[in-house]
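For reference, work36.txt (compact mmCIF, C-alpha atoms):
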# COMPACT_ATOMS: atom_id res chain seq x y z
CA MET A 1 27.95 -50.88 41.14
CA THR A 2 26.25 -54.12 40.14
CA HIS A 3 25.35 -56.89 42.57
CA PHE A 4 28.01 -59.09 40.91
CA GLU A 5 30.66 -56.43 41.59
CA ASP A 6 29.48 -56.21 45.20
CA GLU A 7 29.93 -59.93 45.57
CA LYS A 8 33.36 -59.88 43.93
CA ASN A 9 34.38 -57.26 46.47
CA LYS A 10 33.02 -59.39 49.27
CA LEU A 11 35.22 -62.27 48.00
CA LYS A 12 38.27 -60.02 47.97
CA GLU A 13 37.54 -58.72 51.46
CA THR A 14 37.15 -62.24 52.81
CA LEU A 15 40.44 -63.24 51.21
CA LEU A 16 42.15 -60.20 52.73
CA ALA A 17 40.77 -61.02 56.17
CA MET A 18 41.94 -64.62 55.73
CA ALA A 19 45.41 -63.48 54.66
CA SER A 20 45.68 -61.16 57.64
CA HIS A 21 44.69 -64.01 59.95
CA ALA A 22 47.25 -66.38 58.39
CA GLU A 23 49.95 -63.75 58.68
CA SER A 24 49.10 -63.06 62.31
CA ALA A 25 49.25 -66.82 63.09
CA VAL A 26 52.80 -67.06 61.73
CA ALA A 27 53.86 -63.82 63.45
CA ARG A 28 52.47 -65.03 66.78
CA ALA A 29 54.16 -68.43 66.43
CA ILE A 30 57.51 -66.70 65.92
CA ARG A 31 56.83 -64.30 68.79
CA ALA A 32 56.05 -67.34 70.96
CA LEU A 33 59.50 -68.67 69.98
CA VAL A 34 61.42 -65.47 70.66
CA GLU A 35 59.56 -64.63 73.88
CA ARG A 36 59.41 -68.30 74.96
CA ASP A 37 55.67 -67.90 75.45
CA ASP A 38 53.88 -71.28 75.61
CA SER A 39 50.41 -69.85 75.96
CA LEU A 40 50.81 -67.76 72.81
CA ALA A 41 51.94 -70.91 70.99
CA ALA A 42 48.90 -72.79 72.29
CA GLN A 43 46.65 -69.99 71.06
CA VAL A 44 48.03 -70.31 67.51
CA ASP A 45 47.18 -74.00 67.59
CA GLU A 46 43.64 -73.35 68.86
CA ASP A 47 42.92 -70.58 66.35
CA ASP A 48 43.70 -72.75 63.31
CA ASN A 49 40.05 -73.69 62.83
CA ILE A 50 39.34 -70.02 62.01
CA LEU A 51 41.41 -70.43 58.82
CA ASP A 52 39.58 -73.65 57.97
CA GLN A 53 36.31 -71.74 58.29
CA PHE A 54 37.66 -68.97 56.08
CA GLU A 55 38.56 -71.53 53.43
CA ILE A 56 34.99 -72.84 53.42
CA GLU A 57 33.62 -69.29 53.26
CA VAL A 58 35.87 -68.36 50.32
CA ASP A 59 34.84 -71.55 48.50
CA ASP A 60 31.16 -70.85 49.00
CA LEU A 61 31.44 -67.24 47.84
CA ALA A 62 33.51 -68.36 44.86
CA ILE A 63 31.11 -71.13 43.78
CA HIS A 64 28.24 -68.65 44.05
CA LEU A 65 30.13 -66.12 41.91
CA LEU A 66 31.20 -68.72 39.33
CA ALA A 67 27.55 -69.36 38.58
CA LYS A 68 27.06 -65.71 37.68
CA ALA A 69 30.41 -64.73 36.15
CA PRO A 70 29.72 -62.85 32.93
CA LEU A 71 33.29 -62.98 31.54
CA ALA A 72 35.78 -65.81 31.02
CA THR A 73 38.38 -63.71 32.81
CA ASP A 74 36.13 -63.56 35.87
CA LEU A 75 36.02 -67.36 35.98
CA ARG A 76 39.79 -67.53 36.02
CA SER A 77 40.16 -64.83 38.62
CA ILE A 78 37.58 -66.50 40.92
CA THR A 79 39.38 -69.85 40.70
CA VAL A 80 42.65 -68.09 41.52
CA ALA A 81 40.95 -66.73 44.65
CA MET A 82 40.12 -70.32 45.63
CA LYS A 83 43.73 -71.38 45.07
CA ILE A 84 44.99 -68.48 47.15
CA SER A 85 42.67 -69.52 49.92
CA GLN A 86 44.01 -73.09 49.81
CA ASN A 87 47.55 -71.73 50.08
CA LEU A 88 46.60 -69.50 53.02
CA GLU A 89 45.10 -72.47 54.78
CA ARG A 90 48.46 -74.24 54.36
CA VAL A 91 50.25 -71.20 55.76
CA GLY A 92 48.05 -71.63 58.82
CA ASP A 93 49.14 -75.28 59.05
CA GLU A 94 52.78 -74.20 58.95
CA ALA A 95 52.08 -71.74 61.78
CA VAL A 96 50.56 -74.55 63.87
CA SER A 97 53.54 -76.74 63.09
CA ILE A 98 55.90 -73.96 64.24
CA ALA A 99 53.84 -73.36 67.39
CA ARG A 100 54.10 -77.04 68.37
CA ARG A 101 57.87 -77.01 67.89
CA VAL A 102 58.05 -73.85 69.99
CA VAL A 103 56.40 -75.60 72.93
CA GLU A 104 59.04 -78.37 72.67
CA LEU A 105 61.88 -75.86 72.32
CA ASN A 106 60.70 -73.89 75.34
CA ARG A 107 61.20 -76.98 77.52
CA GLU A 108 64.98 -76.70 77.11
CA PRO A 109 67.37 -73.75 77.62
CA GLN A 110 67.63 -71.46 74.63
CA LEU A 111 70.50 -72.44 72.33
CA LYS A 112 71.37 -68.97 71.09
CA PRO A 113 69.54 -65.69 70.46
CA TYR A 114 67.06 -66.11 67.62
CA VAL A 115 68.08 -63.74 64.86
CA ASP A 116 67.79 -65.65 61.56
CA LEU A 117 64.38 -67.18 62.20
CA PRO A 118 62.57 -63.87 62.87
CA ARG A 119 64.33 -62.49 59.78
CA MET A 120 63.16 -65.43 57.63
CA ALA A 121 59.66 -65.02 59.04
CA ALA A 122 59.65 -61.32 58.14
CA MET A 123 60.83 -62.09 54.59
CA SER A 124 58.28 -64.85 54.04
CA LEU A 125 55.41 -62.81 55.43
CA GLU A 126 56.34 -59.83 53.31
CA MET A 127 56.30 -62.05 50.21
CA LEU A 128 52.87 -63.30 51.24
CA ARG A 129 51.54 -59.80 51.80
CA ASP A 130 52.88 -58.57 48.46
CA ALA A 131 51.40 -61.54 46.61
CA ILE A 132 47.96 -60.93 48.13
CA THR A 133 48.17 -57.19 47.39
CA ALA A 134 49.15 -57.99 43.80
CA PHE A 135 45.96 -60.02 43.44
CA ILE A 136 43.64 -57.53 45.14
CA GLU A 137 45.08 -54.54 43.28
CA ARG A 138 45.58 -56.40 39.98
CA GLN A 139 49.30 -55.73 39.82
CA PRO A 140 50.98 -58.62 37.98
CA GLU A 141 54.39 -56.87 38.12
CA LYS A 142 54.17 -56.87 41.91
CA ALA A 143 53.40 -60.62 41.81
CA ARG A 144 56.25 -61.25 39.39
CA ALA A 145 58.66 -59.46 41.73
CA VAL A 146 57.72 -61.85 44.58
CA VAL A 147 58.87 -65.03 42.76
CA PRO A 148 62.69 -64.51 42.78
CA ARG A 149 62.63 -63.50 46.47
CA ASP A 150 61.98 -67.17 47.29
CA GLN A 151 65.65 -67.92 46.60
CA ALA A 152 66.87 -65.70 49.44
CA VAL A 153 64.61 -67.53 51.90
CA ASP A 154 65.75 -70.90 50.54
CA GLU A 155 69.36 -69.82 50.97
CA LEU A 156 68.77 -68.68 54.57
CA ASN A 157 67.13 -72.04 55.30
CA ARG A 158 70.08 -73.95 53.79
CA GLN A 159 72.56 -71.82 55.70
CA LEU A 160 70.76 -72.39 59.00
CA TYR A 161 70.57 -76.10 58.21
CA ARG A 162 74.33 -76.26 57.66
CA GLU A 163 75.07 -74.28 60.81
CA LEU A 164 72.75 -76.37 62.94
CA SER A 165 74.04 -79.67 61.59
CA SER A 166 77.65 -78.70 62.32
CA PHE A 167 76.56 -77.58 65.76
CA MET A 168 74.93 -80.92 66.53
CA ILE A 169 78.03 -82.81 65.47
CA GLU A 170 80.15 -80.70 67.83
CA ARG A 171 77.69 -80.78 70.71
CA PRO A 172 75.40 -83.83 70.53
CA ALA A 173 73.60 -82.61 73.66
CA THR A 174 72.00 -79.91 71.52
CA ILE A 175 70.62 -82.34 68.91
CA SER A 176 66.97 -82.16 69.89
CA ARG A 177 67.04 -78.35 70.03
CA CYS A 178 68.85 -78.13 66.69
CA LEU A 179 66.24 -80.44 65.14
CA GLY A 180 63.47 -78.21 66.50
CA LEU A 181 65.06 -75.06 65.07
CA MET A 182 65.65 -76.79 61.71
CA ALA A 183 61.98 -77.71 61.61
CA VAL A 184 60.91 -74.10 62.31
CA SER A 185 63.26 -72.88 59.58
CA LYS A 186 61.84 -75.41 57.10
CA ARG A 187 58.25 -74.32 57.90
CA LEU A 188 59.20 -70.67 57.25
CA GLU A 189 60.81 -71.69 53.98
CA ARG A 190 57.52 -73.43 53.06
CA ILE A 191 55.57 -70.27 53.82
CA ALA A 192 57.74 -68.48 51.26
CA ASP A 193 56.88 -71.35 48.86
CA HIS A 194 53.16 -70.80 49.42
CA ALA A 195 53.65 -67.07 48.77
CA THR A 196 55.55 -67.95 45.59
CA ASN A 197 52.77 -70.30 44.48
CA ILE A 198 50.23 -67.54 44.98
CA ALA A 199 52.42 -65.07 43.06
CA GLU A 200 52.85 -67.53 40.18
CA GLU A 201 49.09 -68.07 39.98
CA ILE A 202 48.62 -64.31 39.68
CA VAL A 203 51.31 -63.93 37.01
CA TYR A 204 49.71 -66.79 35.09
CA LEU A 205 46.26 -65.27 35.56
CA TYR A 206 47.35 -62.13 33.74
CA GLU A 207 49.82 -63.74 31.33
CA ALA A 208 47.31 -66.35 30.20
CA ARG A 209 45.11 -63.50 29.06
CA ASP A 210 47.93 -61.95 27.09
CA ILE A 211 49.14 -65.18 25.54
CA ARG A 212 45.77 -66.62 24.65
CA HIS A 213 43.87 -63.58 23.59
CA THR A 214 46.44 -61.61 21.68
CA GLY A 215 44.98 -58.66 19.90
CA LEU A 216 41.91 -58.48 22.12
CA LYS A 217 41.50 -56.82 25.44
CA ALA A 218 40.70 -59.55 27.94
CA ASN A 219 37.65 -57.80 29.32
CA GLU A 220 36.13 -57.61 25.86
CA ILE A 221 35.93 -61.39 25.58
CA GLU A 222 32.54 -62.68 26.55
CA ASN A 223 32.26 -65.87 28.52
CA PRO A 224 31.33 -68.27 25.66
CA ALA A 225 28.45 -69.78 27.60
CA ARG A 226 26.54 -66.52 27.99
CA MET B 1 26.43 -88.28 25.57
CA THR B 2 26.51 -84.51 25.39
CA HIS B 3 29.58 -82.47 24.49
CA PHE B 4 29.67 -81.21 28.08
CA GLU B 5 29.78 -84.79 29.37
CA ASP B 6 32.60 -85.57 26.92
CA GLU B 7 34.58 -82.67 28.27
CA LYS B 8 33.91 -83.65 31.87
CA ASN B 9 35.28 -87.09 31.04
CA LYS B 10 38.32 -85.51 29.44
CA LEU B 11 38.92 -83.57 32.68
CA LYS B 12 38.68 -86.78 34.71
CA GLU B 13 41.03 -88.63 32.37
CA THR B 14 43.59 -85.84 32.57
CA LEU B 15 43.38 -85.86 36.35
CA LEU B 16 43.84 -89.65 36.37
CA ALA B 17 46.88 -89.39 34.09
CA MET B 18 48.28 -86.65 36.35
CA ALA B 19 47.68 -88.77 39.48
CA SER B 20 49.39 -91.73 37.91
CA HIS B 21 52.37 -89.56 37.00
CA ALA B 22 52.59 -88.14 40.54
CA GLU B 23 52.38 -91.61 42.02
CA SER B 24 55.09 -92.90 39.72
CA ALA B 25 57.37 -89.98 40.65
CA VAL B 26 57.14 -90.86 44.34
CA ALA B 27 57.53 -94.59 43.68
CA ARG B 28 60.64 -93.95 41.55
CA ALA B 29 62.14 -91.61 44.16
CA ILE B 30 61.76 -94.34 46.79
CA ARG B 31 63.12 -96.98 44.40
CA ALA B 32 66.11 -94.69 43.80
CA LEU B 33 66.62 -94.67 47.58
CA VAL B 34 66.34 -98.43 48.07
CA GLU B 35 68.37 -99.35 44.99
CA ARG B 36 70.81 -96.44 45.52
CA ASP B 37 70.19 -95.37 41.94
CA ASP B 38 71.32 -91.77 41.30
CA SER B 39 70.22 -91.65 37.69
CA LEU B 40 66.68 -92.70 38.63
CA ALA B 41 66.66 -89.91 41.23
CA ALA B 42 67.85 -87.40 38.63
CA GLN B 43 65.07 -88.52 36.31
CA VAL B 44 62.42 -87.77 38.94
CA ASP B 45 63.83 -84.26 39.26
CA GLU B 46 63.83 -83.72 35.49
CA ASP B 47 60.31 -85.07 34.99
CA ASP B 48 58.72 -82.63 37.44
CA ASN B 49 57.83 -80.15 34.71
CA ILE B 50 55.42 -82.77 33.32
CA LEU B 51 53.28 -82.35 36.45
CA ASP B 52 53.44 -78.57 36.13
CA GLN B 53 52.16 -78.94 32.56
CA PHE B 54 49.38 -81.24 33.76
CA GLU B 55 48.33 -78.62 36.31
CA ILE B 56 48.01 -76.01 33.56
CA GLU B 57 46.08 -78.45 31.37
CA VAL B 58 43.64 -79.31 34.18
CA ASP B 59 43.13 -75.60 34.91
CA ASP B 60 42.41 -74.82 31.29
CA LEU B 61 39.95 -77.68 30.89
CA ALA B 62 38.31 -76.71 34.17
CA ILE B 63 37.93 -73.02 33.28
CA HIS B 64 36.46 -74.03 29.94
CA LEU B 65 33.97 -76.36 31.66
CA LEU B 66 33.05 -73.80 34.33
CA ALA B 67 31.79 -71.51 31.60
CA LYS B 68 29.35 -74.19 30.43
CA ALA B 69 28.41 -75.96 33.65
CA PRO B 70 24.63 -76.32 33.73
CA LEU B 71 24.32 -77.31 37.40
CA ALA B 72 25.64 -75.75 40.63
CA THR B 73 26.94 -79.18 41.62
CA ASP B 74 29.03 -79.27 38.43
CA LEU B 75 30.69 -75.99 39.40
CA ARG B 76 31.67 -77.41 42.76
CA SER B 77 32.94 -80.66 41.32
CA ILE B 78 35.03 -78.85 38.68
CA THR B 79 36.65 -76.64 41.31
CA VAL B 80 37.41 -79.75 43.36
CA ALA B 81 39.19 -81.15 40.28
CA MET B 82 41.35 -78.01 40.26
CA LYS B 83 42.15 -78.41 43.94
CA ILE B 84 43.07 -82.06 43.42
CA SER B 85 45.39 -81.02 40.63
CA GLN B 86 47.08 -78.48 42.90
CA ASN B 87 47.60 -81.20 45.52
CA LEU B 88 49.03 -83.59 42.91
CA GLU B 89 51.45 -80.93 41.80
CA ARG B 90 52.61 -80.68 45.44
CA VAL B 91 53.01 -84.46 45.58
CA GLY B 92 55.36 -84.08 42.62
CA ASP B 93 57.33 -81.46 44.57
CA GLU B 94 57.65 -83.88 47.49
CA ALA B 95 58.96 -86.54 45.07
CA VAL B 96 61.60 -84.11 43.79
CA SER B 97 62.53 -83.22 47.34
CA ILE B 98 62.94 -86.95 48.15
CA ALA B 99 64.96 -87.54 44.98
CA ARG B 100 67.41 -84.77 45.93
CA ARG B 101 67.87 -86.23 49.40
CA VAL B 102 68.44 -89.64 47.83
CA VAL B 103 71.38 -88.31 45.80
CA GLU B 104 72.92 -86.95 49.03
CA LEU B 105 72.23 -90.18 50.92
CA ASN B 106 73.79 -92.28 48.15
CA ARG B 107 77.12 -90.49 48.67
CA GLU B 108 77.53 -92.15 52.07
CA PRO B 109 77.31 -95.84 53.10
CA GLN B 110 73.78 -97.03 53.78
CA LEU B 111 72.86 -96.70 57.45
CA LYS B 112 70.52 -99.70 57.65
CA PRO B 113 68.17 -101.56 55.31
CA TYR B 114 65.27 -99.32 54.35
CA VAL B 115 62.09 -100.97 55.60
CA ASP B 116 59.93 -98.24 57.14
CA LEU B 117 60.32 -95.69 54.37
CA PRO B 118 59.10 -97.98 51.55
CA ARG B 119 56.23 -98.98 53.85
CA MET B 120 55.30 -95.34 54.50
CA ALA B 121 55.53 -94.65 50.77
CA ALA B 122 53.20 -97.57 50.02
CA MET B 123 50.69 -96.34 52.62
CA SER B 124 50.74 -92.74 51.40
CA LEU B 125 50.43 -93.71 47.76
CA GLU B 126 47.55 -96.04 48.50
CA MET B 127 45.75 -93.19 50.28
CA LEU B 128 46.36 -90.98 47.26
CA ARG B 129 45.09 -93.62 44.84
CA ASP B 130 41.96 -94.25 46.92
CA ALA B 131 41.23 -90.52 47.19
CA ILE B 132 41.48 -90.08 43.42
CA THR B 133 39.34 -93.16 42.78
CA ALA B 134 36.75 -91.82 45.23
CA PHE B 135 36.52 -88.65 43.15
CA ILE B 136 36.43 -90.32 39.75
CA GLU B 137 33.88 -92.94 40.84
CA ARG B 138 31.90 -90.56 43.06
CA GLN B 139 32.35 -92.64 46.19
CA PRO B 140 32.32 -90.29 49.20
CA GLU B 141 32.53 -93.28 51.63
CA LYS B 142 35.81 -94.28 50.02
CA ALA B 143 37.10 -90.72 50.48
CA ARG B 144 35.90 -90.64 54.08
CA ALA B 145 37.81 -93.88 54.77
CA VAL B 146 41.06 -92.27 53.59
CA VAL B 147 41.05 -89.50 56.23
CA PRO B 148 41.77 -91.52 59.41
CA ARG B 149 44.58 -93.46 57.69
CA ASP B 150 46.66 -90.29 57.87
CA GLN B 151 47.24 -90.97 61.57
CA ALA B 152 49.10 -94.22 60.91
CA VAL B 153 51.49 -92.45 58.54
CA ASP B 154 51.96 -89.60 61.06
CA GLU B 155 52.75 -92.16 63.74
CA LEU B 156 55.30 -93.96 61.54
CA ASN B 157 56.94 -90.62 60.82
CA ARG B 158 57.10 -89.74 64.53
CA GLN B 159 58.50 -93.19 65.37
CA LEU B 160 61.20 -92.92 62.70
CA TYR B 161 62.01 -89.41 63.92
CA ARG B 162 62.47 -90.67 67.48
CA GLU B 163 64.60 -93.62 66.36
CA LEU B 164 66.80 -91.49 64.14
CA SER B 165 67.29 -88.77 66.75
CA SER B 166 68.38 -91.33 69.36
CA PHE B 167 70.68 -92.85 66.77
CA MET B 168 72.35 -89.51 66.03
CA ILE B 169 72.96 -88.89 69.72
CA GLU B 170 74.64 -92.30 70.05
CA ARG B 171 76.62 -92.04 66.85
CA PRO B 172 77.19 -88.43 65.79
CA ALA B 173 79.01 -89.66 62.68
CA THR B 174 75.62 -90.69 61.28
CA ILE B 175 74.00 -87.26 61.77
CA SER B 176 73.92 -86.16 58.15
CA ARG B 177 72.47 -89.51 57.03
CA CYS B 178 69.89 -89.47 59.80
CA LEU B 179 68.86 -85.94 58.78
CA GLY B 180 68.47 -87.12 55.18
CA LEU B 181 66.28 -90.04 56.20
CA MET B 182 64.19 -87.82 58.49
CA ALA B 183 63.61 -85.46 55.59
CA VAL B 184 62.48 -88.33 53.32
CA SER B 185 60.13 -89.55 56.05
CA LYS B 186 58.68 -86.05 56.49
CA ARG B 187 58.07 -85.76 52.71
CA LEU B 188 56.20 -89.07 52.72
CA GLU B 189 54.13 -87.91 55.66
CA ARG B 190 53.28 -84.77 53.65
CA ILE B 191 52.17 -86.90 50.70
CA ALA B 192 49.69 -88.57 53.04
CA ASP B 193 48.57 -85.04 54.05
CA HIS B 194 47.95 -84.13 50.41
CA ALA B 195 45.94 -87.36 49.98
CA THR B 196 43.96 -86.44 53.11
CA ASN B 197 43.31 -82.94 51.78
CA ILE B 198 42.00 -84.40 48.55
CA ALA B 199 39.81 -86.87 50.46
CA GLU B 200 38.41 -84.08 52.65
CA GLU B 201 37.55 -81.99 49.59
CA ILE B 202 35.62 -84.94 48.18
CA VAL B 203 33.76 -85.60 51.43
CA TYR B 204 32.88 -81.91 51.59
CA LEU B 205 31.85 -81.91 47.93
CA TYR B 206 29.18 -84.51 48.63
CA GLU B 207 28.30 -83.43 52.16
CA ALA B 208 27.82 -79.82 51.15
CA ARG B 209 25.13 -80.99 48.76
CA ASP B 210 23.39 -82.93 51.49
CA ILE B 211 23.60 -80.19 54.07
CA ARG B 212 22.61 -77.32 51.85
CA HIS B 213 19.98 -78.85 49.66
CA THR B 214 18.09 -81.10 52.02
CA GLY B 215 15.02 -82.61 50.50
CA LEU B 216 16.19 -82.20 46.92
CA LYS B 217 18.36 -84.45 44.86
CA ALA B 218 21.53 -82.54 44.09
CA ASN B 219 21.31 -83.14 40.36
CA GLU B 220 17.84 -81.61 40.25
CA ILE B 221 19.09 -78.22 41.37
CA GLU B 222 19.66 -75.87 38.49
CA ASN B 223 22.64 -73.58 38.47
CA PRO B 224 20.90 -70.33 39.54
CA ALA B 225 22.48 -68.33 36.74
CA ARG B 226 21.01 -70.43 33.94

Written as structure tokens, how would this file's structure read?
Amino acid sequence: MTHFEDEKNKLKETLLAMASHAESAVARAIRALVERDDSLAAQVDEDDNILDQFEIEVDDLAIHLLAKAPLATDLRSITVAMKISQNLERVGDEAVSIARRVVELNREPQLKPYVDLPRMAAMSLEMLRDAITAFIERQPEKARAVVPRDQAVDELNRQLYRELSSFMIERPATISRCLGLMAVSKRLERIADHATNIAEEIVYLYEARDIRHTGLKANEIENPAR
Amino acid sequence: MTHFEDEKNKLKETLLAMASHAESAVARAIRALVERDDSLAAQVDEDDNILDQFEIEVDDLAIHLLAKAPLATDLRSITVAMKISQNLERVGDEAVSIARRVVELNREPQLKPYVDLPRMAAMSLEMLRDAITAFIERQPEKARAVVPRDQAVDELNRQLYRELSSFMIERPATISRCLGLMAVSKRLERIADHATNIAEEIVYLYEARDIRHTGLKANEIENPAR
């Protein structure tokens, strides 16, 4: 294995570690909601700088690799890694946003058992995981299959929004709690958006090859500068 | 001027055109709110694919340039251009999201004259404009000055949120309108976040040079691969 291949693997591993951290942040924020655990929520907030550090690390590895990339397709795949990292950093921001809402929600009695939010979280995180796997394992079909799943999460978010807004009209005393739950739902819906963005980048990464270089295998095209 | 310089300028021009389109989308969405103009709101929604096309164009130009970049600093600056483009595309999504809320809001009588939202929009768009200018004109100080302005927009958003949630408790009949206005405010606050992200990328772009290559002028460092 060449040194360049070693470094590409290092980039992938870093991205995987970053993805697993982002996923764990969201999962912990939702666990903090369900278990009404303020200290877990606070931990999610504190840990966010780890994702910021990961983003810097991915950027540095990527810039280093870009300078050595022998093939045009490598350039594109490295820049996709940077975009994925930017999306994962945003997922971390959503987790922090959820965690802060959780602390507010925990100050008041629980409105009803949380069923839909953990379900939305599971769906969004599974989309994220599949999108990352599609990139690491070069499976564009897997990425393509992620995109339409966004609609189900959007629909759950809309449904929860409708339910909660009717509920606040009937019982104005619950308004602040309903607003908090709406905000958590919206953040989960955004996480599914980030997963969809990642998936679309991966589809485009592989499709762009097909569309632009018809008749040639992508890995046979030399980077024009070298 | 070399061919490479020509192409770098083309990348900058495309990014500027994209930024101006994103800005106009937000400005039109807010005008549609203030003037209660449904057809203007619908136009913002329809025009969103223009920003998606811009993102693809910036990516293609950037990938092409990456293959030729003679200096390590060029690589970093080109990838920052791609990140800016991704943020601008998100700004366009926020504009669409505002435009859709506007159509809903226009179905009901106006709650009160819109003063804070146009002000927030002006602040966020000015941050965005300054961040883009900082990149195009290589002015890291200008980018650095954008970052703290995010707090003022956050504070306006929080203030509006508090006002609107008290208002809904007092007058439950206004709940759906208050929710719509809260959502618009949140989108504007996110636009300021995107501007801040862009500004931080630019600060890091120039700081990274300073930190990593102390004692050398950045433009004297050859890309190690060439």

(request) Kindly give the distance, in Å, that separates atom CA of B:Ala22 and atom CA of B:Leu125, rounded to a single decimal. (result)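 These two atoms are separated by 9.4 Å.
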
Counting only C-alpha atoms, which residues in chain A sit no more than 8 Å from chain B? For each one, give the nearest pair of atoms and the distance in Å, sorted by chain then residue number, as JSON lines.
{"residue": "A:Ile63", "atom": "CA", "partner": "B:Arg76", "partner_atom": "CA", "distance": 6.4}
{"residue": "A:Leu66", "atom": "CA", "partner": "B:Leu75", "partner_atom": "CA", "distance": 7.3}
{"residue": "A:Ala67", "atom": "CA", "partner": "B:Ala225", "partner_atom": "CA", "distance": 5.5}
{"residue": "A:Lys68", "atom": "CA", "partner": "B:Ala225", "partner_atom": "CA", "distance": 5.4}
{"residue": "A:Ala72", "atom": "CA", "partner": "B:Ala67", "partner_atom": "CA", "distance": 7.0}
{"residue": "A:Leu75", "atom": "CA", "partner": "B:Ile63", "partner_atom": "CA", "distance": 6.6}
{"residue": "A:Arg76", "atom": "CA", "partner": "B:Ile63", "partner_atom": "CA", "distance": 6.4}
{"residue": "A:Thr79", "atom": "CA", "partner": "B:Thr79", "partner_atom": "CA", "distance": 7.3}
{"residue": "A:Lys83", "atom": "CA", "partner": "B:Lys83", "partner_atom": "CA", "distance": 7.3}
{"residue": "A:Ser165", "atom": "CA", "partner": "B:Ser176", "partner_atom": "CA", "distance": 7.3}
{"residue": "A:Met168", "atom": "CA", "partner": "B:Pro172", "partner_atom": "CA", "distance": 7.9}
{"residue": "A:Ile169", "atom": "CA", "partner": "B:Pro172", "partner_atom": "CA", "distance": 5.7}
{"residue": "A:Pro172", "atom": "CA", "partner": "B:Ile169", "partner_atom": "CA", "distance": 5.7}
{"residue": "A:Ala173", "atom": "CA", "partner": "B:Ile169", "partner_atom": "CA", "distance": 7.4}
{"residue": "A:Ile175", "atom": "CA", "partner": "B:Ile169", "partner_atom": "CA", "distance": 7.0}
{"residue": "A:Ser176", "atom": "CA", "partner": "B:Ser165", "partner_atom": "CA", "distance": 7.3}
{"residue": "A:Asn223", "atom": "CA", "partner": "B:Ala67", "partner_atom": "CA", "distance": 6.4}
{"residue": "A:Pro224", "atom": "CA", "partner": "B:Ala67", "partner_atom": "CA", "distance": 6.8}
{"residue": "A:Ala225", "atom": "CA", "partner": "B:Lys68", "partner_atom": "CA", "distance": 5.3}

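Compared by their closest atoms to B:Val26, and using only C-alpha atoms, the residues B:Ser124, B:Thr133, B:Asn157, B:Thr196 rank with B:Ser124 nearest.
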
(message) Please report the interatomic distance between atom CA of A:Lys142 and atom CA of A:Glu207 in Å with one decimal.
(response) 13.3 Å

Name the residues in contact with B:Asp48 at a cut-off of 8 Å, using all atoms listed in the file, excluding same-chain residues fewer than 5 positions from it; report them as a compact mmCIF listing (two decimals) with C-alpha atoms, in the frame of the given file.
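In the end it all went to selection_36.txt:
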# COMPACT_ATOMS: atom_id res chain seq x y z
CA GLY B 92 55.36 -84.08 42.62
CA ASP B 93 57.33 -81.46 44.57
CA VAL B 96 61.60 -84.11 43.79

(request) For A:Lys10, please output as an MDAnalysis selection string all residues within 12 Å (counting all atoms listed in the file; exclusion window: fewer than 6 positions along the same chain). (result) chainID A and resid 3:4 16:17 57:58 60:62 64:65 78 81 136

(message) Give me, as a PyMOL selection string, all polymer residues having an atom no more than 10 Å from B:Asn197, counting all atoms listed in the file and skipping those fewer than 2 positions away in the same chain.
(response) chain B and resi 83-84+87+128+131+146-147+191-195+199-203

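Distances from B:Val102, B:Leu205, B:Ile198, B:Ile132 to B:Asp150 were compared using only C-alpha atoms, and the smallest one belongs to B:Ile198.
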
Padded axis-aligned box of stretch 33-45 of chain B (3 Å per side), centre and edge lengths, Å, one decimal, as JSON:
{"center_x": 66.9, "center_y": -91.8, "center_z": 42.2, "size_x": 14.9, "size_y": 21.1, "size_z": 17.8}

(message) So the first atom is atom CA of B:Val115 and the second is atom CA of B:Arg101; what is the distance between them in Å, to one decimal place?
(response)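 That distance, rounded to one decimal, is 17.0 Å.
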
(request) For each of A:Ser20, A:Ser185, A:Tyr206, A:Arg31, take the minimum atom-to-atom distance to A:Glu141, counting only C-alpha atoms, then give the residue where this is smallest. (result) A:Tyr206

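Among the candidate residues B:Ala32, B:Met120, B:Leu105, B:Ala143, the one lying nearest to B:Arg177 is B:Leu105, with distances computed using all atoms listed in the file.
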